[in-house]
Every structure is written in structure tokens, then in C-alpha cells.
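Accompanying notes for the structure given below.
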Amino acid sequence: MIAHWMMVLGPWFWVVVGLVLLVLEILVPGTMFLWFGVAALIVGALSFVIDFSWQNEFILFAILSLISVIAGRYILSKTAKGSTDKPLLNERVQALVGNIYQLDEPIVNGQGRVKVRDSYWRIKGPDCPQGSRVKVVGGEGTMLDVELVD
């Protein structure tokens with residue numbers, strides 16, 4: 001069936017397939033269809049210049065797909081590493097580790113709250129009175145682990 005459409009449409013088959021894959025890329029999250037769409041468009045462009053058999057077009061598409069996926073992942077990994085000036089933006093707990101805060105409320109039975117900028121965080125650590133200074137040493141989720149500084 002596909003071979004029939006390849007014969008009927010000729011090089012336009014690959015252009016259509018490439019455009020359909022690029023449209024799918026817009027509709028589906030991720031970047032996987034992009035690389036296959038690029039490979040199909042390249043095969044289509046080459047098919048206008050060079051007369052390939054449909055078997056060779058599929059082989060070329062497979063090779064170009066593999067190359068474009070590998071190249072795309074390499075490019076994305078290189079650009080993603082240095083793409084932000086705030087690497088801990090989505091790592092809120094890790095961004096707070098090492099900071100020292102003064103308790104607005106005492107830590108009772110190992111649990112309490114501390115105000116960090118404009119929000120309150122639940123904390124766990126040694127019991128201590130209001131006004132004590134604590135250092136964030138870790139945490140998970142919305143719970144910070146603290147130790148007494150004073």
C-alpha cells in the first residue's frame with residue numbers, strides 16, 4: 001500500500017510524510033517527530049534530484065532518521081545544560097540548602113515552620129525556641145531539614 005503511494009506521488013510522498021510528521025510534532029509533546037520529519041523532508045529533496053528506488057528511499061530514510069535523532073539529542077543536550085542563569089529554579093529545596101533563617105515559631109516535637117522570603121515552609125529538626133537561628137541542611141518536597149546554628 002505504501003509502495004503504491006510512493007509510486008503515485010514520487011518525491012512528493014516524502015515531502016507529505018515530512019510535513020505530516022512536523023504537524024504531529026506540534027500536536028504531541030516531545031521532539032521525536034521533528035527528527036523523523038526532517039529526515040523525510042531530506043529524502044524528499046534528494047528524491048527530486050536523484051532517482052532512487054522505493055527500497056533505497058526507505059533505507060535512506062532509516063539512516064537519516066537515525067542520524068537526525070542522534071544529532072538532535074546531542075544539540076539539545078548541549079543547549080539545555082547552559083540554557084538558564086538559574087539552574088536551581090525547579091529545585092527549590094536544593095536552592096535553600098545552606099541558608100540560615102530565624103524562627104518565627106518554635107520547633108516543637110521536631111516539627112515547626114519557618115518563613116522563607118514570602119512563604120512558610122514546614123521544617124523538622126531539634127526542638128528550639130522562637131527566635132533561634134537554623135540552617136537548612138536538606139529536605140524533600142515541602143519539608144526542610146534544619147539544624148540549630150546558635
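By order in the C-alpha cells, chains are A, B, ...; within a chain, residues start at 1; ligands start at 1, following the order shown.
Within range 53-130 of chain A, residues classed as strand (DSSP E) by DSSP on backbone coordinates are Ile100, Tyr101, Gln102, Gln111, Gly112, Arg113, Val114, Lys115, Val116, Ser119, Tyr120, Trp121, Arg122, Ile123 and Lys124 of chain A.
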Need the shell around range 58-67 of chain A: protein/DNA/RNA residues with any atom at most 7 Å away, counting only C-alpha atoms. Skip same-chain ones fewer than 3 positions apart. Format as a PDB file with N, CA, C and O atoms, in the first residue's frame?
```pdb
ATOM      1  N   TRP A  35      12.583  14.989  14.281  1.00  0.00           N
ATOM      2  CA  TRP A  35      13.750  14.396  13.626  1.00  0.00           C
ATOM      3  C   TRP A  35      13.339  13.484  12.475  1.00  0.00           C
ATOM      4  O   TRP A  35      14.005  13.471  11.431  1.00  0.00           O
ATOM      5  N   PHE A  36      12.256  12.750  12.624  1.00  0.00           N
ATOM      6  CA  PHE A  36      11.772  11.909  11.529  1.00  0.00           C
ATOM      7  C   PHE A  36      11.218  12.778  10.400  1.00  0.00           C
ATOM      8  O   PHE A  36      11.376  12.452   9.224  1.00  0.00           O
ATOM      9  N   ALA A  39      14.143  14.099   8.460  1.00  0.00           N
ATOM     10  CA  ALA A  39      14.700  13.030   7.621  1.00  0.00           C
ATOM     11  C   ALA A  39      13.828  12.795   6.393  1.00  0.00           C
ATOM     12  O   ALA A  39      14.339  12.633   5.277  1.00  0.00           O
ATOM     13  N   ALA A  40      12.512  12.795   6.561  1.00  0.00           N
ATOM     14  CA  ALA A  40      11.609  12.590   5.422  1.00  0.00           C
ATOM     15  C   ALA A  40      11.723  13.736   4.425  1.00  0.00           C
ATOM     16  O   ALA A  40      11.718  13.508   3.203  1.00  0.00           O
ATOM     17  N   VAL A  43      14.913  13.239   2.437  1.00  0.00           N
ATOM     18  CA  VAL A  43      14.731  12.182   1.438  1.00  0.00           C
ATOM     19  C   VAL A  43      13.909  12.716   0.271  1.00  0.00           C
ATOM     20  O   VAL A  43      14.217  12.458  -0.895  1.00  0.00           O
ATOM     21  N   TRP A  54      12.153   2.757  -4.478  1.00  0.00           N
ATOM     22  CA  TRP A  54      11.442   2.980  -3.220  1.00  0.00           C
ATOM     23  C   TRP A  54      12.130   2.262  -2.060  1.00  0.00           C
ATOM     24  O   TRP A  54      12.095   2.728  -0.930  1.00  0.00           O
ATOM     25  N   GLN A  55      12.800   1.134  -2.329  1.00  0.00           N
ATOM     26  CA  GLN A  55      13.523   0.428  -1.274  1.00  0.00           C
ATOM     27  C   GLN A  55      14.699   1.275  -0.777  1.00  0.00           C
ATOM     28  O   GLN A  55      14.950   1.373   0.425  1.00  0.00           O
ATOM     29  N   ILE A  70      20.101  11.251  16.621  1.00  0.00           N
ATOM     30  CA  ILE A  70      21.340  11.350  17.400  1.00  0.00           C
ATOM     31  C   ILE A  70      21.848  12.793  17.413  1.00  0.00           C
ATOM     32  O   ILE A  70      22.203  13.330  18.472  1.00  0.00           O
ATOM     33  N   ALA A  71      21.865  13.439  16.249  1.00  0.00           N
ATOM     34  CA  ALA A  71      22.338  14.829  16.180  1.00  0.00           C
ATOM     35  C   ALA A  71      21.425  15.756  16.969  1.00  0.00           C
ATOM     36  O   ALA A  71      21.894  16.646  17.683  1.00  0.00           O
TER      37      ALA A  71
END
```
Find the residues near Ser47 in chain A: any atom within 8 Å, counting only C-alpha atoms, skip ones fewer than 3 places away on the same chain, and give them as a list in words.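 Everything that qualifies: Gly10, Pro11, Val43, Gly44, Ile50, Asp51, Phe52 and Glu57 of chain A.
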Residue subset to file, keeping C-alpha atoms, as a PDB file, in the first residue's frame:
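What follows is the written file again-v3.pdb:
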```pdb
ATOM      1  CA  GLY A  10       7.034  10.136  -6.330  1.00  0.00           C
ATOM      2  CA  PRO A  11       9.250  12.513  -4.348  1.00  0.00           C
ATOM      3  CA  VAL A  43      14.731  12.182   1.438  1.00  0.00           C
ATOM      4  CA  GLY A  44      12.056  14.075  -0.486  1.00  0.00           C
ATOM      5  CA  ILE A  50      18.363  11.559  -7.684  1.00  0.00           C
ATOM      6  CA  ASP A  51      16.125   8.770  -8.953  1.00  0.00           C
ATOM      7  CA  PHE A  52      16.024   6.237  -6.078  1.00  0.00           C
ATOM      8  CA  GLU A  57      14.368   5.641  -0.252  1.00  0.00           C
TER       9      GLU A  57
END
```
Residues of range 5-106 of chain A in alpha helix (DSSP H) according to DSSP, as a ChimeraX atom specification? /A:5-9,12-27,32-49,54-81,92-96
What gap, in Å, lies between CA of Gln94 in chain A and CA of Thr31 in chain A?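 Answer for the CA of Gln94 in chain A to CA of Thr31 in chain A separation: 28.7 Å.
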Name all residues at most 7 Å from Glu147 in chain A (count only C-alpha atoms; drop same-chain ones fewer than 6 positions away) and give them as a ChimeraX atom specification. /A:125-126,134-137
Could you please determine the separation between CA of Trp12 in chain A and CA of Asn56 in chain A in Å, to one decimal place?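 If I compute the distance from CA of Trp12 in chain A to CA of Asn56 in chain A, I get 15.7 Å.
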Pick from A:Ile123, A:Gly98, A:Gly139, A:Trp14, whichever lies nearest to Leu46 in chain A using only C-alpha atoms: A:Trp14
For Leu144 in chain A, which of A:Asp104, A:Gln111, A:Glu25, A:Arg117 is the closest residue, counting only C-alpha atoms?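 Looking at the shortest contact to Leu144 in chain A, the residue is A:Gln111.
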Can you work out which one of A:Arg133, A:Arg73, A:Lys124, A:Lys78 has the shortest atom-to-atom distance to Val108 in chain A, counting only C-alpha atoms? A:Lys124
